>>> print(open('my_file_21.cif').read())   # mmCIF, C-alpha atoms
data_query
loop_
_atom_site.label_atom_id
_atom_site.label_comp_id
_atom_site.auth_asym_id
_atom_site.auth_seq_id
_atom_site.Cartn_x
_atom_site.Cartn_y
_atom_site.Cartn_z
CA MET C 1 0.00 0.00 0.00
CA THR C 2 1.25 3.48 -0.89
CA TYR C 3 -0.32 6.90 -0.60
CA LYS C 4 -0.04 7.27 -4.38
CA LYS C 5 -2.24 4.20 -4.86
CA LEU C 6 -4.77 5.52 -2.35
CA ALA C 7 -4.94 8.92 -4.07
CA GLN C 8 -5.35 7.27 -7.48
CA ALA C 9 -8.24 5.18 -6.16
CA MET C 10 -9.90 8.26 -4.62
CA ARG C 11 -9.83 9.96 -8.01
CA GLN C 12 -10.84 6.84 -9.92
CA TYR C 13 -14.19 6.73 -8.14
CA SER C 14 -14.83 10.47 -7.85
CA ARG C 15 -14.36 13.74 -9.71
CA THR C 16 -12.22 15.66 -7.30
CA ASP C 17 -9.10 17.65 -8.14
CA ASP C 18 -8.44 18.85 -4.60
CA LEU C 19 -8.50 15.95 -2.15
CA CYS C 20 -8.15 18.33 0.80
CA LYS C 21 -11.17 20.39 -0.26
CA SER C 22 -13.19 17.21 -0.74
CA GLY C 23 -12.23 15.81 2.65
CA LEU C 24 -11.85 18.81 4.94
CA GLY C 25 -13.80 21.52 3.15
CA VAL C 26 -10.64 23.64 2.81
CA GLU C 27 -8.58 24.23 -0.31
CA GLY C 28 -5.25 22.47 -0.07
CA SER C 29 -3.48 25.79 -0.60
CA ARG C 30 -4.92 27.04 2.74
CA ILE C 31 -3.13 24.37 4.79
CA ARG C 32 -0.03 25.59 6.63
CA GLU C 33 3.26 23.76 7.08
CA ASN C 34 2.49 23.07 10.75
CA VAL C 35 -0.80 21.31 11.47
CA ILE C 36 -2.34 20.51 14.84
CA LEU C 37 -4.84 17.67 14.61
CA THR C 38 -7.09 16.65 17.48
CA PRO C 39 -10.13 14.39 17.84
CA GLY C 40 -12.05 16.55 20.29
CA TRP C 41 -10.32 19.68 21.58
CA THR C 42 -11.55 22.99 20.23
CA PRO C 43 -8.92 25.77 20.13
CA GLU C 44 -10.44 27.21 23.32
CA ARG C 45 -9.18 24.12 25.17
CA VAL C 46 -5.59 25.12 24.32
CA SER C 47 -6.26 28.84 24.63
CA GLY C 48 -2.63 29.73 25.33
CA LEU C 49 -1.81 29.13 21.66
CA GLY C 50 -3.59 32.30 20.56
CA GLU C 51 -6.81 33.45 18.94
CA ALA C 52 -8.28 31.04 16.39
CA LYS C 53 -9.94 32.12 13.14
CA LEU C 54 -12.56 29.73 11.78
CA VAL C 55 -11.81 28.54 8.24
CA SER C 56 -14.37 25.74 7.77
CA ALA C 57 -17.19 25.05 10.22
CA SER C 58 -18.23 21.63 8.91
CA GLY C 59 -16.23 19.73 6.31
CA PRO C 60 -17.77 17.14 3.96
CA LEU C 61 -16.37 14.23 6.00
CA TYR C 62 -17.56 13.86 9.61
CA GLY C 63 -18.23 17.61 9.91
CA ILE C 64 -14.51 18.22 10.46
CA THR C 65 -13.77 21.77 11.67
CA VAL C 66 -10.71 23.78 10.61
CA TRP C 67 -9.24 26.94 12.14
CA GLU C 68 -6.10 28.98 11.62
CA ILE C 69 -4.16 30.24 14.64
CA ASN C 70 -1.47 32.91 14.61
CA VAL C 71 1.17 31.45 16.92
CA ASP C 72 3.86 34.06 17.57
CA GLY C 73 3.65 35.26 13.97
CA GLN C 74 3.35 31.81 12.39
CA GLY C 75 0.12 30.60 10.82
CA ILE C 76 -0.84 27.17 12.17
CA THR C 77 -3.68 25.03 10.78
CA TYR C 78 -5.80 23.54 13.57
CA ILE C 79 -8.14 20.63 12.75
CA LYS C 80 -10.76 18.97 14.99
CA THR C 81 -11.84 15.69 13.44
CA GLY C 82 -14.22 14.06 15.90
CA CYS C 83 -13.34 11.03 18.02
CA GLY C 84 -12.27 7.65 16.69
CA ALA C 85 -9.71 6.32 14.25
CA PRO C 86 -11.70 6.73 10.97
CA PRO C 87 -12.02 10.56 11.00
CA VAL C 88 -8.41 10.98 12.11
CA MET C 89 -7.22 8.69 9.31
CA ASP C 90 -9.31 10.43 6.65
CA ALA C 91 -8.25 13.89 7.80
CA LEU C 92 -4.60 12.90 7.46
CA LEU C 93 -5.17 11.33 4.05
CA SER C 94 -6.80 14.57 2.95
CA LEU C 95 -3.57 16.45 3.77
CA GLY C 96 -1.39 14.35 1.49
CA GLU C 97 -1.14 16.82 -1.39
CA THR C 98 -0.98 20.04 0.62
CA GLY C 99 1.96 22.05 1.88
CA CYS C 100 1.73 20.39 5.32
CA LYS C 101 5.18 19.37 6.54
CA ARG C 102 4.36 17.94 9.96
CA VAL C 103 1.39 17.09 12.19
CA LEU C 104 1.15 17.36 15.98
CA PHE C 105 -1.58 15.08 17.29
CA LEU C 106 -3.20 16.32 20.52
CA SER C 107 -5.71 14.37 22.57
CA SER C 108 -6.79 13.05 25.92
CA ILE C 109 -5.45 9.68 26.98
CA GLY C 110 -6.36 7.18 29.67
CA GLY C 111 -3.68 6.06 32.10
CA LEU C 112 -3.02 2.40 32.86
CA ALA C 113 -0.14 2.81 35.28
CA PRO C 114 -0.35 3.73 38.98
CA GLU C 115 2.08 6.64 38.61
CA MET C 116 -0.02 8.40 35.96
CA GLU C 117 -2.16 11.17 37.41
CA VAL C 118 -4.93 13.18 35.80
CA GLY C 119 -3.31 16.17 34.10
CA ASP C 120 0.03 14.45 33.41
CA LEU C 121 1.39 14.56 29.88
CA VAL C 122 2.14 11.50 27.75
CA LEU C 123 4.38 11.24 24.70
CA PRO C 124 3.70 7.92 22.92
CA GLU C 125 6.89 6.16 21.83
CA TYR C 126 4.68 3.75 19.88
CA SER C 127 1.01 2.80 19.71
CA VAL C 128 -0.55 -0.65 19.52
CA SER C 129 -3.39 -1.11 17.06
CA GLY C 130 -6.70 -2.30 18.41
CA ASP C 131 -8.71 -0.29 15.89
CA GLY C 132 -10.35 -1.45 12.68
CA ALA C 133 -9.43 1.58 10.57
CA SER C 134 -5.76 0.58 10.39
CA ARG C 135 -6.74 -2.41 8.24
CA TYR C 136 -7.69 -0.04 5.43
CA LEU C 137 -4.08 1.11 5.18
CA THR C 138 -3.00 -2.38 4.08
CA ASP C 139 -3.37 -3.94 0.63
CA GLY C 140 -5.75 -6.71 1.61
CA PHE C 141 -7.46 -5.77 4.87
CA GLU C 142 -4.68 -7.53 6.78
CA ASP C 143 -5.33 -7.98 10.49
CA THR C 144 -3.38 -5.24 12.28
CA LEU C 145 -4.45 -6.15 15.82
CA GLY C 146 -1.46 -5.85 18.12
CA GLU C 147 0.83 -4.24 15.56
CA LYS C 148 2.94 -1.30 16.70
CA ALA C 149 2.95 2.03 14.89
CA TYR C 150 5.63 4.62 15.59
CA PRO C 151 5.76 8.43 15.51
CA ASP C 152 8.25 10.17 13.27
CA PRO C 153 11.54 9.76 15.20
CA GLU C 154 12.90 13.25 14.59
CA LEU C 155 9.66 15.05 15.43
CA PHE C 156 9.19 12.84 18.49
CA ALA C 157 12.70 13.68 19.70
CA ARG C 158 12.13 17.42 19.27
CA LEU C 159 8.79 17.23 21.07
CA ARG C 160 10.40 15.28 23.89
CA GLU C 161 13.14 17.91 24.26
CA GLU C 162 10.63 20.76 24.48
CA THR C 163 8.46 18.86 26.98
CA GLN C 164 11.49 18.14 29.14
CA ALA C 165 12.54 21.81 28.99
CA VAL C 166 9.16 22.97 30.34
CA ARG C 167 8.98 20.32 33.08
CA ALA C 168 10.89 22.15 35.81
CA SER C 169 9.28 25.57 35.38
CA GLU C 170 5.76 24.13 35.45
CA ASN C 171 6.33 21.29 37.95
CA LEU C 172 5.17 19.10 35.09
CA ARG C 173 4.83 15.33 35.20
CA TRP C 174 5.18 13.49 31.90
CA HIS C 175 5.56 9.89 30.78
CA LEU C 176 6.54 7.85 27.75
CA GLY C 177 3.37 6.20 26.53
CA ARG C 178 2.59 2.87 24.94
CA PRO C 179 -1.09 3.32 24.08
CA PHE C 180 -3.48 0.60 23.06
CA CYS C 181 -5.87 2.12 20.54
CA GLU C 182 -9.40 0.82 20.84
CA ASP C 183 -12.69 1.43 19.03
CA THR C 184 -14.85 1.68 22.16
CA LEU C 185 -15.05 3.68 25.37
CA LEU C 186 -17.24 1.23 27.26
CA ALA C 187 -16.37 -2.29 26.08
CA GLN C 188 -12.67 -1.58 26.68
CA PHE C 189 -12.95 -2.29 30.41
CA HIS C 190 -13.47 -6.02 29.93
CA HIS C 191 -10.20 -6.22 27.96
CA ILE C 192 -7.91 -4.21 30.27
CA PRO C 193 -6.07 -7.32 31.60
CA ASP C 194 -5.21 -8.38 28.04
CA ILE C 195 -4.22 -4.82 27.11
CA LEU C 196 -1.85 -4.69 30.08
CA ALA C 197 -0.42 -8.06 29.08
CA ARG C 198 0.55 -6.54 25.73
CA GLY C 199 2.82 -4.09 27.54
CA CYS C 200 0.56 -1.05 27.06
CA ASN C 201 0.37 1.64 29.75
CA THR C 202 -2.27 3.95 28.25
CA LEU C 203 -5.50 3.92 26.22
CA ASP C 204 -6.61 6.07 23.33
CA MET C 205 -8.57 5.64 20.10
CA GLU C 206 -6.53 7.24 17.34
CA SER C 207 -2.75 7.47 17.73
CA ALA C 208 -1.96 4.11 16.06
CA VAL C 209 -3.78 5.00 12.86
CA ALA C 210 -2.33 8.54 12.98
CA PHE C 211 1.22 7.16 13.10
CA ARG C 212 0.48 4.52 10.45
CA ALA C 213 -1.08 7.04 8.06
CA GLY C 214 1.77 9.47 8.59
CA ALA C 215 4.35 6.78 7.81
CA LEU C 216 2.44 5.74 4.69
CA MET C 217 2.37 9.32 3.45
CA GLY C 218 5.90 10.26 4.43
CA LEU C 219 4.35 12.92 6.66
CA PRO C 220 5.97 13.35 10.11
CA VAL C 221 3.44 12.80 12.91
CA ALA C 222 4.05 12.85 16.67
CA ALA C 223 1.63 13.02 19.60
CA LEU C 224 1.30 14.95 22.84
CA GLN C 225 -1.52 13.77 25.11
CA CYS C 226 -2.98 14.73 28.47
CA VAL C 227 -4.17 12.13 30.98
CA SER C 228 -7.93 12.44 31.49
CA ASP C 229 -8.50 9.34 33.64
CA ASN C 230 -6.84 6.26 35.12
CA SER C 231 -8.95 3.12 35.29
CA LEU C 232 -6.49 1.32 37.56
CA ALA C 233 -7.06 4.05 40.15
CA LYS C 234 -10.84 3.84 39.62
CA LYS C 235 -10.81 7.30 38.03
CA SER C 236 -12.30 6.31 34.71
CA LEU C 237 -14.39 8.04 32.08
CA LEU C 238 -17.40 6.66 33.96
CA GLY C 239 -16.54 8.65 37.08
CA GLY C 240 -14.12 9.17 39.94
CA VAL C 241 -12.14 12.20 38.74
CA SER C 242 -12.29 15.04 41.28
CA GLY C 243 -12.89 18.69 40.50
CA GLU C 244 -9.36 19.52 41.61
CA GLU C 245 -7.91 16.93 39.25
CA GLN C 246 -10.02 18.22 36.39
CA ALA C 247 -8.84 21.77 37.11
CA ARG C 248 -5.21 20.65 36.93
CA ARG C 249 -5.89 18.91 33.64
CA ASN C 250 -7.55 22.03 32.24
CA TYR C 251 -4.55 24.15 33.22
CA VAL C 252 -2.01 21.77 31.67
CA ARG C 253 -4.06 21.51 28.49
CA GLY C 254 -4.85 25.20 28.23
CA GLN C 255 -1.55 26.78 29.27
CA VAL C 256 1.32 24.27 29.49
CA ILE C 257 0.77 22.40 26.22
CA PRO C 258 0.69 25.71 24.29
CA VAL C 259 4.09 26.68 25.76
CA ILE C 260 5.56 23.37 24.57
CA LEU C 261 4.06 23.76 21.10
CA LYS C 262 5.13 27.39 20.74
CA ASN C 263 8.70 26.48 21.59
CA LEU C 264 8.54 23.54 19.18
CA PHE C 265 7.22 25.59 16.28
CA LYS C 266 9.81 28.30 16.94
CA SER C 267 12.61 25.73 16.84
CA LEU C 268 11.30 24.33 13.54
CA ALA C 269 10.92 27.71 11.81
#
>>> encode(input="my_file_21.cif", output="structure tokens")
Amino acid sequence: MTYKKLAQAMRQYSRTDDLCKSGLGVEGSRIRENVILTPGWTPERVSGLGEAKLVSASGPLYGITVWEINVDGQGITYIKTGCGAPPVMDALLSLGETGCKRVLFLSSIGGLAPEMEVGDLVLPEYSVSGDGASRYLTDGFEDTLGEKAYPDPELFARLREETQAVRASENLRWHLGRPFCEDTLLAQFHHIPDILARGCNTLDMESAVAFRAGALMGLPVAALQCVSDNSLAKKSLLGGVSGEEQARRNYVRGQVIPVILKNLFKSLA
């Protein structure tokens, strides 16, 4: 499977010239070199980045929303896809013929290690596929369950450096993640023992397909995630997270993550 083959198939069964416009509702020429892609965070959730200007309120696929943010003089494209692997995958595939040079994936993540607290940051060093969408990035719907997908090594290293640099000034806790990427928020609980047995220490829904799509396209993708819950501590998405913990998470997401990203974008300029 190659991105060229995918793009040829998209055009074979449609009449589109601009794959980005057809997928995201935005002309490919509007996409900046630096793209932030997130399943569920609106720009207000990471308000420290700067004021966001709406570019497309509801794209043709999944109602994807696109903004542009002026980050210290640089234009950054910000995309909210909706939760789950399919919209994240299709958003990335829509970027393949644009001027995008790198993608930072931002999302919440569930902890599966006692030391992970709500509001901590996680940088996935790889993600384990438990999603169905990843099969569509193979030639014959090969079973991808349990396969590892990796972020771009150079972008991951730069993101790790900037996270480490901010740690002391913000009393920040961060961890290397090994997410298991599932297709469900509720049925996951029955499978946690098996997920732990695979060596995973976190749960999300999209990072495996994001890394796989990025590698297929030759597009650098790395992820920065914020712990929203920890099922092992009985602080799951179904309840148990205190107001104080949620406030810490909101602060890290809204103010600390933007500092890391600003420093990263500045270093890449």
>>> closest_residue(input="my_file_21.cif", among="C:Thr42, C:Thr2, C:Asn70, C:Thr77", to="Val26 in chain C", atoms="all atoms listed in the file")
C:Thr77
>>> residues_around(input="my_file_21.cif", residues="range 82-95 of chain C", least_positions_apart="5", cutoff="6 Å", atoms="only C-alpha atoms", output="PyMOL selection string")
chain C and resi 19-20+23+39-40+133+205-206
>>> resolve_selection(input="my_file_21.cif", expression="the PyMOL selection byres ((chain C and resi 262) around 12)", output="JSON, numbers by chain")
{"C": [34, 36, 46, 48, 49, 50, 69, 70, 71, 72, 73, 74, 75, 76, 104, 159, 162, 163, 166, 255, 256, 257, 258, 259, 260, 261, 263, 264, 265, 266, 267, 268, 269]}
>>> residues_near_point(input="my_file_21.cif", point="(5.5, 6.8, 22.6)", cutoff="7 Å", atoms="only C-alpha atoms", output="list in words")
Leu123, Pro124, Glu125, Tyr126, Ser127, Leu176, Gly177 and Arg178 of chain C
>>> closest_residue(input="my_file_21.cif", among="C:Thr16, C:Ser134, C:Ser169, C:Ser56", to="Ala210 in chain C", atoms="only C-alpha atoms")
C:Ser134
>>> atom_distance(input="my_file_21.cif", atom1="CA of Lys148 in chain C", atom2="CA of Ala215 in chain C")
12.1 Å
>>> residues_near_point(input="my_file_21.cif", point="(-8.4, 7.2, 36.1)", cutoff="10 Å", atoms="all atoms listed in the file", output="list in words")
Ile109, Gly110, Gly111, Leu112, Ala113, Pro114, Met116, Glu117, Val118, Val227, Ser228, Asp229, Asn230, Ser231, Leu232, Ala233, Lys234, Lys235, Ser236, Leu237, Leu238, Gly239, Gly240 and Val241 of chain C
>>> residues_around(input="my_file_21.cif", residues="Val221 in chain C", least_positions_apart="6", cutoff="10 Å", atoms="all atoms listed in the file", output="ChimeraX atom specification")
/C:35-37,92,101-105,150-156,207,210-215
>>> atom_distance(input="my_file_21.cif", atom1="CA of Ser108 in chain C", atom2="CA of Cys226 in chain C")
4.9 Å
